[in-house]
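The file my_file.cif contains mmCIF, C-alpha atoms:
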```cif
data_run
#
loop_
_atom_site.label_atom_id
_atom_site.label_comp_id
_atom_site.auth_asym_id
_atom_site.auth_seq_id
_atom_site.Cartn_x
_atom_site.Cartn_y
_atom_site.Cartn_z
CA MET J 953 98.15 84.51 120.75
CA ARG J 954 98.11 87.27 118.16
CA PHE J 955 101.49 88.78 117.39
CA GLY J 956 102.31 91.96 115.55
CA VAL J 957 105.80 92.47 114.14
CA VAL J 958 106.57 96.16 113.70
CA VAL J 959 108.36 97.26 110.55
CA PHE J 960 110.29 100.53 110.45
CA PRO J 961 112.30 101.72 107.47
CA GLY J 962 115.56 99.84 108.03
CA THR J 963 114.23 96.99 110.18
CA TRP J 964 115.90 93.71 109.24
CA SER J 965 114.72 91.01 111.64
CA ASP J 966 111.01 91.43 110.85
CA CYS J 967 110.87 88.50 108.42
CA ASP J 968 112.76 86.22 110.83
CA PHE J 969 110.33 86.99 113.66
CA HIS J 970 107.34 86.58 111.34
CA TYR J 971 108.67 83.24 110.11
CA VAL J 972 109.38 81.86 113.60
CA ILE J 973 106.00 82.94 114.96
CA SER J 974 103.98 81.60 112.02
CA GLU J 975 106.00 78.53 110.99
CA VAL J 976 107.71 77.36 114.19
CA VAL J 977 105.45 78.57 117.00
CA LYS J 978 102.37 78.33 114.75
CA GLN J 979 100.63 81.46 115.99
CA PRO J 980 98.78 84.17 114.09
CA VAL J 981 101.07 87.04 113.17
CA LYS J 982 100.96 90.13 111.01
CA TYR J 983 103.29 92.94 110.11
CA VAL J 984 102.52 96.36 111.63
CA TRP J 985 103.78 99.40 109.73
CA HIS J 986 105.44 102.01 111.92
CA ARG J 987 102.78 104.63 111.11
CA ASP J 988 99.99 102.36 112.33
CA ARG J 989 98.54 103.19 115.75
CA ASN J 990 95.87 100.51 115.85
CA LEU J 991 97.11 97.58 117.92
CA ALA J 992 93.72 96.55 119.31
CA ASP J 993 93.67 93.09 117.71
CA LEU J 994 97.08 92.07 119.09
CA ASP J 995 98.30 90.37 122.27
CA CYS J 996 102.03 90.88 121.79
CA VAL J 997 103.89 93.52 119.78
CA VAL J 998 107.42 92.68 118.65
CA LEU J 999 109.97 95.40 117.87
CA PRO J 1000 112.60 93.55 115.82
CA GLY J 1001 116.25 94.28 115.24
CA GLY J 1002 117.78 96.26 112.43
CA PHE J 1003 118.74 99.82 111.77
CA SER J 1004 115.50 101.78 111.92
CA TYR J 1005 115.96 105.13 110.17
CA GLY J 1006 119.58 104.18 109.54
CA ASP J 1007 120.39 104.73 113.23
CA TYR J 1008 120.34 108.46 112.40
CA LEU J 1009 120.94 110.73 115.39
CA ARG J 1010 121.15 107.75 117.79
CA ALA J 1011 120.18 104.09 117.45
CA GLY J 1012 116.41 103.92 117.96
CA ALA J 1013 115.99 107.67 118.48
CA VAL J 1014 113.70 108.43 115.55
CA ALA J 1015 111.78 105.14 115.75
CA GLY J 1016 111.27 105.77 119.47
CA ARG J 1017 109.03 108.74 118.57
CA SER J 1018 107.05 107.01 115.79
CA PRO J 1019 103.24 106.61 115.82
CA VAL J 1020 103.33 102.87 116.58
CA VAL J 1021 105.62 103.40 119.57
CA GLU J 1022 103.46 106.28 120.81
CA ALA J 1023 100.54 103.84 120.78
CA LEU J 1024 102.34 101.31 122.99
CA PRO J 1025 101.43 102.79 126.44
CA GLU J 1026 97.73 102.43 125.64
CA PHE J 1027 98.33 98.93 124.25
CA LEU J 1028 100.15 97.98 127.47
CA ALA J 1029 97.42 99.50 129.63
CA GLY J 1030 94.97 97.21 127.86
CA GLY J 1031 96.95 94.11 128.86
CA GLY J 1032 99.30 93.83 125.89
CA LEU J 1033 102.91 92.67 126.01
CA VAL J 1034 105.88 94.17 124.15
CA LEU J 1035 109.09 92.39 123.18
CA GLY J 1036 112.00 94.39 121.79
CA SER J 1037 115.13 92.69 120.50
CA CYS J 1038 118.35 94.44 119.46
CA ASN J 1039 117.24 97.66 117.73
CA GLY J 1040 113.86 97.03 119.38
CA PHE J 1041 115.54 97.24 122.79
CA GLN J 1042 117.25 100.48 121.74
CA ILE J 1043 113.89 101.87 120.60
CA LEU J 1044 112.18 100.95 123.89
CA CYS J 1045 114.91 102.73 125.87
CA GLU J 1046 114.77 105.78 123.61
CA ALA J 1047 110.98 105.87 124.03
CA GLY J 1048 111.34 105.75 127.81
CA LEU J 1049 109.41 102.47 128.06
CA LEU J 1050 112.52 100.89 129.57
CA PRO J 1051 115.11 102.66 131.74
CA GLY J 1052 118.68 103.37 130.62
CA ALA J 1053 120.24 103.64 127.19
CA LEU J 1054 122.34 101.63 124.75
CA MET J 1055 125.58 103.04 123.43
CA ARG J 1056 128.51 102.10 121.23
CA ASN J 1057 130.18 98.81 122.14
CA GLU J 1058 133.18 99.38 124.36
CA CYS J 1059 135.36 97.26 122.04
CA LEU J 1060 134.30 99.52 119.12
CA GLN J 1061 133.64 96.40 117.07
CA TYR J 1062 130.37 95.31 115.60
CA ARG J 1063 129.84 92.02 117.44
CA CYS J 1064 128.08 89.20 115.60
CA GLN J 1065 128.55 86.10 117.72
CA SER J 1066 126.93 83.54 119.94
CA THR J 1067 126.45 84.51 123.59
CA SER J 1068 125.58 82.65 126.77
CA LEU J 1069 122.83 84.32 128.78
CA LEU J 1070 122.22 83.73 132.46
CA VAL J 1071 118.51 83.78 133.26
CA GLU J 1072 118.01 85.91 136.36
CA ASN J 1073 114.30 86.45 136.43
CA ALA J 1074 112.03 83.58 135.38
CA ASP J 1075 108.97 85.22 136.90
CA THR J 1076 107.94 87.19 133.81
CA PRO J 1077 105.50 86.39 131.00
CA PHE J 1078 108.55 86.15 128.70
CA THR J 1079 110.63 83.75 130.78
CA ARG J 1080 108.26 81.62 132.80
CA ALA J 1081 109.21 78.48 130.86
CA LEU J 1082 112.74 78.94 132.23
CA ARG J 1083 114.33 78.72 135.65
CA PRO J 1084 116.68 81.18 137.35
CA GLY J 1085 120.31 80.19 136.85
CA GLN J 1086 119.61 78.52 133.52
CA VAL J 1087 122.00 79.45 130.69
CA LEU J 1088 120.65 80.08 127.20
CA THR J 1089 122.58 80.39 123.96
CA MET J 1090 121.50 83.13 121.61
CA PRO J 1091 123.33 85.21 119.02
CA ILE J 1092 123.95 88.93 119.21
CA SER J 1093 124.55 91.19 116.22
CA HIS J 1094 125.10 94.82 117.07
CA GLY J 1095 127.52 97.72 117.25
CA GLU J 1096 125.64 99.67 119.92
CA GLY J 1097 124.59 97.31 122.65
CA LYS J 1098 126.45 98.58 125.68
CA TYR J 1099 123.79 99.04 128.31
CA HIS J 1100 124.21 102.20 130.37
CA ALA J 1101 122.20 103.55 133.29
CA GLU J 1102 122.80 105.79 136.28
CA PRO J 1103 123.98 103.97 139.43
CA GLU J 1104 120.64 104.54 141.15
CA THR J 1105 118.80 103.10 138.13
CA LEU J 1106 121.05 100.03 138.19
CA ARG J 1107 120.37 99.65 141.90
CA ALA J 1108 116.62 99.88 141.34
CA LEU J 1109 116.82 97.32 138.52
CA ARG J 1110 118.58 94.89 140.86
CA GLN J 1111 116.19 95.47 143.75
CA ARG J 1112 113.10 94.98 141.61
CA HIS J 1113 114.55 91.96 139.78
CA GLN J 1114 114.20 93.77 136.47
CA VAL J 1115 117.42 92.33 135.05
CA VAL J 1116 116.22 89.29 133.12
CA PHE J 1117 119.37 88.22 131.25
CA ARG J 1118 123.08 88.80 131.84
CA TYR J 1119 125.98 87.88 129.55
CA ALA J 1120 127.79 84.97 131.17
CA THR J 1121 130.09 82.06 130.47
CA ALA J 1122 128.62 78.79 129.27
CA ALA J 1123 128.76 77.68 132.91
CA GLY J 1124 126.73 80.70 134.01
CA GLN J 1125 129.52 82.80 135.51
CA VAL J 1126 129.01 86.54 135.03
CA THR J 1127 132.52 87.65 134.10
CA ARG J 1128 134.10 90.58 132.34
CA ALA J 1129 135.40 88.28 129.60
CA ALA J 1130 131.85 87.07 128.91
CA ASN J 1131 130.64 90.63 128.36
CA PRO J 1132 130.73 91.21 124.60
CA ASN J 1133 130.01 94.94 124.55
CA GLY J 1134 130.90 96.48 127.91
CA SER J 1135 127.34 96.56 129.24
CA ALA J 1136 126.93 97.73 132.83
CA GLU J 1137 126.79 94.68 135.11
CA ASN J 1138 126.75 92.41 132.02
CA ILE J 1139 123.13 93.37 131.39
CA ALA J 1140 121.75 91.77 128.22
CA GLY J 1141 118.02 92.17 128.85
CA ILE J 1142 115.69 94.01 131.22
CA ILE J 1143 111.98 94.21 131.90
CA ASN J 1144 109.86 97.18 133.00
CA GLU J 1145 108.48 97.45 136.52
CA GLU J 1146 105.07 96.15 135.46
CA GLY J 1147 106.63 93.08 133.81
CA THR J 1148 105.02 93.79 130.45
CA VAL J 1149 107.92 95.13 128.34
CA LEU J 1150 111.04 93.04 127.74
CA GLY J 1151 114.06 94.43 125.91
CA LEU J 1152 117.13 92.38 125.09
CA MET J 1153 120.07 92.80 122.73
CA PRO J 1154 120.29 89.08 121.73
CA HIS J 1155 118.13 87.63 118.95
CA PRO J 1156 115.69 84.93 120.13
CA GLU J 1157 114.31 84.66 116.58
CA ARG J 1158 117.73 83.53 115.34
CA ALA J 1159 117.82 80.69 117.88
CA ALA J 1160 114.54 79.00 117.07
CA GLU J 1161 115.46 75.98 114.94
CA SER J 1162 118.08 73.33 115.59
CA ALA J 1163 119.16 73.49 111.94
CA ILE J 1164 120.43 77.03 112.44
CA GLY J 1165 122.16 76.97 115.77
CA GLY J 1166 119.83 76.02 118.57
CA THR J 1167 116.33 76.54 119.87
CA ASP J 1168 116.88 78.42 123.14
CA GLY J 1169 115.18 81.52 121.75
CA LEU J 1170 111.95 79.55 121.42
CA GLN J 1171 111.70 79.46 125.21
CA ILE J 1172 110.64 83.10 125.15
CA PHE J 1173 107.78 82.32 122.79
CA HIS J 1174 106.77 79.24 124.79
CA SER J 1175 106.77 81.36 127.94
CA LEU J 1176 104.52 83.93 126.29
CA LEU J 1177 102.04 81.30 125.12
CA GLY J 1178 102.01 79.64 128.55
CA SER J 1179 101.44 82.92 130.36
CA LEU J 1180 98.41 83.72 128.28
CA VAL J 1181 96.77 80.40 128.97
CA GLU J 1182 97.77 79.96 132.60
CA ASP J 1183 97.06 83.37 134.11
CA GLY J 1184 93.92 83.93 132.08
CA THR J 1185 95.18 87.06 130.34
CA PHE J 1186 94.06 85.40 127.15
CA THR J 1187 90.40 85.48 128.14
CA LYS J 1188 90.54 88.89 129.82
CA ARG J 1189 91.45 90.76 126.64
CA MET X 1442 116.59 132.25 113.63
CA LYS X 1443 119.67 130.07 113.39
CA VAL X 1444 120.38 127.95 116.42
CA ARG X 1445 123.30 125.62 117.06
CA VAL X 1446 123.06 122.67 119.38
CA LEU X 1447 126.17 120.98 120.69
CA VAL X 1448 125.53 117.49 122.01
CA ARG X 1449 128.24 115.85 124.06
CA LEU X 1450 128.57 112.64 126.03
CA LYS X 1451 128.33 113.49 129.72
CA PRO X 1452 131.58 113.84 131.62
CA GLY X 1453 132.60 110.51 133.06
CA ILE X 1454 130.94 108.46 130.34
CA LEU X 1455 133.61 106.59 128.43
CA ASP X 1456 133.84 107.90 124.87
CA VAL X 1457 135.27 104.95 122.95
CA GLN X 1458 134.98 106.81 119.67
CA GLY X 1459 137.01 109.71 121.03
CA ALA X 1460 139.61 107.30 122.40
CA ALA X 1461 139.96 105.65 118.98
CA VAL X 1462 140.40 109.01 117.27
CA GLN X 1463 142.96 110.00 119.87
CA ARG X 1464 144.91 106.79 119.19
CA ALA X 1465 144.78 107.47 115.45
CA LEU X 1466 146.16 110.96 116.03
CA GLY X 1467 148.91 109.40 118.13
CA GLY X 1468 149.76 107.25 115.12
CA LEU X 1469 150.10 110.41 113.04
CA GLY X 1470 152.58 111.84 115.50
CA PHE X 1471 150.16 113.82 117.63
CA GLY X 1472 151.20 112.21 120.85
CA ASP X 1473 150.53 115.47 122.68
CA VAL X 1474 146.74 114.97 122.67
CA ARG X 1475 145.79 114.62 126.32
CA GLU X 1476 142.11 113.94 125.83
CA LEU X 1477 139.71 113.88 122.91
CA ARG X 1478 135.95 113.51 122.95
CA VAL X 1479 133.62 113.41 119.95
CA GLY X 1480 130.27 115.20 120.02
CA LYS X 1481 127.61 116.33 117.59
CA LEU X 1482 126.75 119.71 116.10
CA ILE X 1483 123.13 120.19 115.06
CA GLU X 1484 122.18 123.37 113.19
CA VAL X 1485 118.52 124.30 113.39
CA GLU X 1486 116.82 127.17 111.63
CA VAL X 1487 113.61 127.87 113.49
CA ASP X 1488 110.77 130.35 112.95
CA ALA X 1489 110.74 132.43 116.11
CA PRO X 1490 110.25 136.14 116.87
CA THR X 1491 113.07 136.35 119.42
CA ALA X 1492 116.27 134.52 120.28
CA GLU X 1493 114.75 133.64 123.64
CA ARG X 1494 111.75 132.01 122.01
CA ALA X 1495 113.98 130.15 119.55
CA ARG X 1496 116.12 128.93 122.39
CA ALA X 1497 113.08 127.71 124.33
CA ARG X 1498 111.77 125.79 121.32
CA VAL X 1499 115.13 124.17 120.61
CA ASP X 1500 115.53 123.32 124.29
CA GLU X 1501 112.25 121.41 124.05
CA MET X 1502 113.51 119.71 120.86
CA CYS X 1503 116.65 118.64 122.71
CA ARG X 1504 114.73 117.16 125.60
CA ARG X 1505 112.30 115.33 123.34
CA LEU X 1506 114.61 114.07 120.58
CA LEU X 1507 117.92 115.76 119.79
CA ALA X 1508 119.74 114.60 122.94
CA ASN X 1509 119.43 111.53 125.12
CA THR X 1510 119.86 113.10 128.53
CA ILE X 1511 120.75 109.75 130.10
CA LEU X 1512 123.98 109.83 128.10
CA GLU X 1513 124.38 113.34 126.79
CA ASP X 1514 124.54 117.01 127.77
CA TYR X 1515 123.64 119.73 125.31
CA THR X 1516 124.30 123.42 124.89
CA ILE X 1517 122.25 125.80 122.77
CA GLU X 1518 123.75 128.78 120.97
CA THR X 1519 121.78 131.44 119.12
CA ASP X 1520 123.44 133.86 116.71
CA SER X 1521 122.30 136.99 118.46
CA ALA X 1522 123.07 135.93 121.98
CA GLU X 1523 126.27 133.95 121.70
CA HIS X 1524 128.72 136.90 121.80
CA LEU X 1525 126.78 138.53 124.64
CA ALA X 1526 126.44 135.55 126.90
CA PRO X 1527 129.39 134.89 129.16
CA PRO X 1528 130.91 131.43 128.86
CA GLY X 1529 128.94 128.98 130.91
CA ALA X 1530 125.74 131.02 130.70
CA VAL X 1531 124.29 128.68 128.11
CA ARG X 1532 123.14 125.24 129.12
#
```
Show me the file's structure as structure tokens.
Amino acid sequence: MRFGVVVFPGTWSDCDFHYVISEVVKQPVKYVWHRDRNLADLDCVVLPGGFSYGDYLRAGAVAGRSPVVEALPEFLAGGGLVLGSCNGFQILCEAGLLPGALMRNECLQYRCQSTSLLVENADTPFTRALRPGQVLTMPISHGEGKYHAEPETLRALRQRHQVVFRYATAAGQVTRAANPNGSAENIAGIINEEGTVLGLMPHPERAAESAIGGTDGLQIFHSLLGSLVEDGTFTKR
Amino acid sequence: MKVRVLVRLKPGILDVQGAAVQRALGGLGFGDVRELRVGKLIEVEVDAPTAERARARVDEMCRRLLANTILEDYTIETDSAEHLAPPGAVR
């Protein structure tokens, strides 16, 4: 599976994603500069975390209108998959590829901590190695991760099973205390209607080796690899 | 043509930044602040023959980049029109 890790001015998780994909998951990966529109030789585009364009105007606002992001609809139409983590999630929302928006944490603090994530939808290319109800441990690191959407959008997300991860306790209880940033309905990650774009605030690339705090993030990569082989997407592209 | 854009969080959306500023003012003795919300002022100088045209261009800029209409409302003020337009006439 060929991965592309997008680099904007101010991206900071690009090297971590590149390292995990090449050294841990052992898949071909290259960096994609934000002005590049050619994604034809890729299966999965990763929008990493960081502070693209210094979060000027709003987190992800400027990056959400960049050439590489403008090329994503065509890439998706051709069977590609897009994973956005942290700032990548903010960018996908700003670009309108995912519904809703991310705003300043309700606690006003920058939160850099471990979180427990309840898996709600394991029927996506990104989570098929998991099961619903499973709890994953992944770190977050953000100041603007409070997910916000209109009530009707939240209802639609629930009905279509587009909420993939919710902040929960280690036992899988979705509680207010387990919500690190005030996100609506404890939402930590959502997928688009087509099931091809996943955005999440946590960092799977920082939970990919036992030496540095767990390997739960690897499950997303394993899911992606499995989906390509099992449903034949791999040979269709 | 000089155009000013005021971007505000929509009513009903919790403004944690505004709440923190309000608390800080309280600490300075301004306990009489009932509510405080923080917004953004964006000044744009745009090449346009008329205020109407300038306003239309900036409105498009707001929808495409300057405001996130999921979270924010915006109002547009042009120099020539602002003292003529009654309050509430601008978006």
Kindly indicate which residue among X:Val1479, X:Ala1508, X:Ile1517, X:Met1442 lies nearest to Asp1456 of chain X, using all atoms listed in the file for the distances.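 Answer, going by the shortest atom-to-atom distance: X:Val1479.
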Apply the PyMOL selection byres ((chain X) within 8 of (chain J)) to the file shown and report the selected residues as a ChimeraX atom specification. /X:1457-1458,1506-1507,1509,1511-1512
Residues at most 12 Å from Ser1018 of chain J, counting only C-alpha atoms, excluding those fewer than 5 positions away in the same chain, as JSON, numbers by chain? {"J": [958, 959, 960, 961, 985, 986, 987, 988, 989, 1004, 1005, 1012, 1013, 1023, 1024, 1043, 1044, 1046, 1047], "X": [1506]}
Dump as a ChimeraX atom specification all residues having an atom at most 12 Å from (106.7, 82.9, 132.0), computed in the file's coordinates with all atoms listed in the file. /J:1071,1073-1084,1116,1147-1148,1150,1171-1183
Prev. selection, C-alpha atoms, output as a PDB file, keeping the file's coordinate frame:
```pdb
ATOM      1  CA  VAL J1071     118.510  83.780 133.260  1.00  0.00           C
ATOM      2  CA  ASN J1073     114.300  86.450 136.430  1.00  0.00           C
ATOM      3  CA  ALA J1074     112.030  83.580 135.380  1.00  0.00           C
ATOM      4  CA  ASP J1075     108.970  85.220 136.900  1.00  0.00           C
ATOM      5  CA  THR J1076     107.940  87.190 133.810  1.00  0.00           C
ATOM      6  CA  PRO J1077     105.500  86.390 131.000  1.00  0.00           C
ATOM      7  CA  PHE J1078     108.550  86.150 128.700  1.00  0.00           C
ATOM      8  CA  THR J1079     110.630  83.750 130.780  1.00  0.00           C
ATOM      9  CA  ARG J1080     108.260  81.620 132.800  1.00  0.00           C
ATOM     10  CA  ALA J1081     109.210  78.480 130.860  1.00  0.00           C
ATOM     11  CA  LEU J1082     112.740  78.940 132.230  1.00  0.00           C
ATOM     12  CA  ARG J1083     114.330  78.720 135.650  1.00  0.00           C
ATOM     13  CA  PRO J1084     116.680  81.180 137.350  1.00  0.00           C
ATOM     14  CA  VAL J1116     116.220  89.290 133.120  1.00  0.00           C
ATOM     15  CA  GLY J1147     106.630  93.080 133.810  1.00  0.00           C
ATOM     16  CA  THR J1148     105.020  93.790 130.450  1.00  0.00           C
ATOM     17  CA  LEU J1150     111.040  93.040 127.740  1.00  0.00           C
ATOM     18  CA  GLN J1171     111.700  79.460 125.210  1.00  0.00           C
ATOM     19  CA  ILE J1172     110.640  83.100 125.150  1.00  0.00           C
ATOM     20  CA  PHE J1173     107.780  82.320 122.790  1.00  0.00           C
ATOM     21  CA  HIS J1174     106.770  79.240 124.790  1.00  0.00           C
ATOM     22  CA  SER J1175     106.770  81.360 127.940  1.00  0.00           C
ATOM     23  CA  LEU J1176     104.520  83.930 126.290  1.00  0.00           C
ATOM     24  CA  LEU J1177     102.040  81.300 125.120  1.00  0.00           C
ATOM     25  CA  GLY J1178     102.010  79.640 128.550  1.00  0.00           C
ATOM     26  CA  SER J1179     101.440  82.920 130.360  1.00  0.00           C
ATOM     27  CA  LEU J1180      98.410  83.720 128.280  1.00  0.00           C
ATOM     28  CA  VAL J1181      96.770  80.400 128.970  1.00  0.00           C
ATOM     29  CA  GLU J1182      97.770  79.960 132.600  1.00  0.00           C
ATOM     30  CA  ASP J1183      97.060  83.370 134.110  1.00  0.00           C
TER      31      ASP J1183
END
```
One decimal, in Å: what's the spacing between atom CA of Val1446 of chain X and atom CA of Thr1516 of chain X? 5.7 Å
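Note that the spacing between atom CA of Ala1136 of chain J and atom CA of Leu1455 of chain X amounts to 11.9 Å.
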Taking the file as shown, find all residues satisfying the PyMOL selection byres ((chain J and resi 1163-1170) around 9) and write them as number ranges by chain. J: 972, 976-977, 1088-1091, 1155-1162, 1171-1175
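Here the PyMOL selection byres ((chain X and resi 1492) around 10) matches the residues Met1442, Lys1443, Val1444, Val1487, Ala1489, Pro1490, Thr1491, Glu1493, Arg1494, Ala1495, Arg1496, Ala1497, Arg1498, Glu1518, Thr1519, Asp1520, Ser1521 and Ala1522 of chain X.
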Dump C-alpha atoms for the selected residues as a CSV table (one decimal), in the frame of the given file?
```csv
chain,number,residue,atom,x,y,z
X,1442,MET,CA,116.6,132.2,113.6
X,1443,LYS,CA,119.7,130.1,113.4
X,1444,VAL,CA,120.4,128.0,116.4
X,1487,VAL,CA,113.6,127.9,113.5
X,1489,ALA,CA,110.7,132.4,116.1
X,1490,PRO,CA,110.2,136.1,116.9
X,1491,THR,CA,113.1,136.4,119.4
X,1493,GLU,CA,114.8,133.6,123.6
X,1494,ARG,CA,111.8,132.0,122.0
X,1495,ALA,CA,114.0,130.2,119.6
X,1496,ARG,CA,116.1,128.9,122.4
X,1497,ALA,CA,113.1,127.7,124.3
X,1498,ARG,CA,111.8,125.8,121.3
X,1518,GLU,CA,123.8,128.8,121.0
X,1519,THR,CA,121.8,131.4,119.1
X,1520,ASP,CA,123.4,133.9,116.7
X,1521,SER,CA,122.3,137.0,118.5
X,1522,ALA,CA,123.1,135.9,122.0
```
Atom-to-atom span, atom CA of Glu1137 of chain J and atom CA of Lys1481 of chain X, Å: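 Going from atom CA of Glu1137 of chain J over to atom CA of Lys1481 of chain X covers 27.9 Å.
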Test item: residues at most 10 Å from segment 1028-1036 of chain J, only C-alpha atoms, excluding those fewer than 2 positions along its chain, as a PDB file with C-alpha atoms, keeping the file's coordinate frame:
```pdb
ATOM      1  CA  PHE J 955     101.490  88.780 117.390  1.00  0.00           C
ATOM      2  CA  GLY J 956     102.310  91.960 115.550  1.00  0.00           C
ATOM      3  CA  VAL J 957     105.800  92.470 114.140  1.00  0.00           C
ATOM      4  CA  VAL J 958     106.570  96.160 113.700  1.00  0.00           C
ATOM      5  CA  LEU J 991      97.110  97.580 117.920  1.00  0.00           C
ATOM      6  CA  ALA J 992      93.720  96.550 119.310  1.00  0.00           C
ATOM      7  CA  ASP J 993      93.670  93.090 117.710  1.00  0.00           C
ATOM      8  CA  LEU J 994      97.080  92.070 119.090  1.00  0.00           C
ATOM      9  CA  ASP J 995      98.300  90.370 122.270  1.00  0.00           C
ATOM     10  CA  CYS J 996     102.030  90.880 121.790  1.00  0.00           C
ATOM     11  CA  VAL J 997     103.890  93.520 119.780  1.00  0.00           C
ATOM     12  CA  VAL J 998     107.420  92.680 118.650  1.00  0.00           C
ATOM     13  CA  LEU J 999     109.970  95.400 117.870  1.00  0.00           C
ATOM     14  CA  PRO J1000     112.600  93.550 115.820  1.00  0.00           C
ATOM     15  CA  GLY J1001     116.250  94.280 115.240  1.00  0.00           C
ATOM     16  CA  ALA J1023     100.540 103.840 120.780  1.00  0.00           C
ATOM     17  CA  LEU J1024     102.340 101.310 122.990  1.00  0.00           C
ATOM     18  CA  PRO J1025     101.430 102.790 126.440  1.00  0.00           C
ATOM     19  CA  GLU J1026      97.730 102.430 125.640  1.00  0.00           C
ATOM     20  CA  CYS J1038     118.350  94.440 119.460  1.00  0.00           C
ATOM     21  CA  ASN J1039     117.240  97.660 117.730  1.00  0.00           C
ATOM     22  CA  GLY J1040     113.860  97.030 119.380  1.00  0.00           C
ATOM     23  CA  PHE J1041     115.540  97.240 122.790  1.00  0.00           C
ATOM     24  CA  GLN J1042     117.250 100.480 121.740  1.00  0.00           C
ATOM     25  CA  ILE J1043     113.890 101.870 120.600  1.00  0.00           C
ATOM     26  CA  LEU J1044     112.180 100.950 123.890  1.00  0.00           C
ATOM     27  CA  CYS J1045     114.910 102.730 125.870  1.00  0.00           C
ATOM     28  CA  LEU J1049     109.410 102.470 128.060  1.00  0.00           C
ATOM     29  CA  PRO J1077     105.500  86.390 131.000  1.00  0.00           C
ATOM     30  CA  PHE J1078     108.550  86.150 128.700  1.00  0.00           C
ATOM     31  CA  GLY J1141     118.020  92.170 128.850  1.00  0.00           C
ATOM     32  CA  ILE J1143     111.980  94.210 131.900  1.00  0.00           C
ATOM     33  CA  GLU J1146     105.070  96.150 135.460  1.00  0.00           C
ATOM     34  CA  GLY J1147     106.630  93.080 133.810  1.00  0.00           C
ATOM     35  CA  THR J1148     105.020  93.790 130.450  1.00  0.00           C
ATOM     36  CA  VAL J1149     107.920  95.130 128.340  1.00  0.00           C
ATOM     37  CA  LEU J1150     111.040  93.040 127.740  1.00  0.00           C
ATOM     38  CA  GLY J1151     114.060  94.430 125.910  1.00  0.00           C
ATOM     39  CA  LEU J1152     117.130  92.380 125.090  1.00  0.00           C
ATOM     40  CA  MET J1153     120.070  92.800 122.730  1.00  0.00           C
ATOM     41  CA  PRO J1154     120.290  89.080 121.730  1.00  0.00           C
ATOM     42  CA  HIS J1155     118.130  87.630 118.950  1.00  0.00           C
ATOM     43  CA  ILE J1172     110.640  83.100 125.150  1.00  0.00           C
ATOM     44  CA  LEU J1176     104.520  83.930 126.290  1.00  0.00           C
ATOM     45  CA  THR J1185      95.180  87.060 130.340  1.00  0.00           C
ATOM     46  CA  PHE J1186      94.060  85.400 127.150  1.00  0.00           C
ATOM     47  CA  LYS J1188      90.540  88.890 129.820  1.00  0.00           C
ATOM     48  CA  ARG J1189      91.450  90.760 126.640  1.00  0.00           C
TER      49      ARG J1189
END
```
Env of Leu1482 of chain X: 9 Å cut, atoms = all atoms listed in the file, seq-sep filter 3 positions within chain, self excluded. Answer as a ChimeraX atom specification. /X:1445-1449
Using only C-alpha atoms, which protein or nucleic acid residues come within 8 Å of Cys1064 of chain J? Drop anything in the same chain fewer than 6 positions from it, and give the result as a ChimeraX atom specification. /J:1091-1094
Selection export as a tab-separated table (two decimals), in the frame of the given file, atoms kept: C-alpha atoms:
```
chain	number	residue	atom	x	y	z
J	1091	PRO	CA	123.33	85.21	119.02
J	1092	ILE	CA	123.95	88.93	119.21
J	1093	SER	CA	124.55	91.19	116.22
J	1094	HIS	CA	125.10	94.82	117.07
```
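Residue nearest Gln1463 of chain X within the list X:Lys1451, X:Val1499, X:Glu1476, X:Ile1483: X:Glu1476 [criterion: smallest interatomic distance, only C-alpha atoms].
Of the residues under consideration (J:Ser1068, J:Tyr971, J:Arg1063, J:Asp1007), J:Ser1068 shows the shortest atom-to-atom contact distance to Gly1124 of chain J when counting only C-alpha atoms.
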Near His970 of chain J, within 8 Å and counting only C-alpha atoms, which residues show up once chain neighbours fewer than 2 positions away are dropped, as a short mmCIF file (atom, residue, chain, number, x, y, z; two decimals) with C-alpha atoms, in the frame of the given file?
```
data_model
loop_
_atom_site.label_atom_id
_atom_site.label_comp_id
_atom_site.auth_asym_id
_atom_site.auth_seq_id
_atom_site.Cartn_x
_atom_site.Cartn_y
_atom_site.Cartn_z
CA VAL J 957 105.80 92.47 114.14
CA ASP J 966 111.01 91.43 110.85
CA CYS J 967 110.87 88.50 108.42
CA ASP J 968 112.76 86.22 110.83
CA VAL J 972 109.38 81.86 113.60
CA ILE J 973 106.00 82.94 114.96
CA SER J 974 103.98 81.60 112.02
CA VAL J 981 101.07 87.04 113.17
CA LYS J 982 100.96 90.13 111.01
CA TYR J 983 103.29 92.94 110.11
#
```
Nearby residues, (128.2, 92.1, 135.3) file frame, 8 Å, all atoms listed in the file, as a list in words: Arg1118, Tyr1119, Val1126, Thr1127, Arg1128, Asn1131, Ser1135, Ala1136, Glu1137, Asn1138 and Ile1139 of chain J
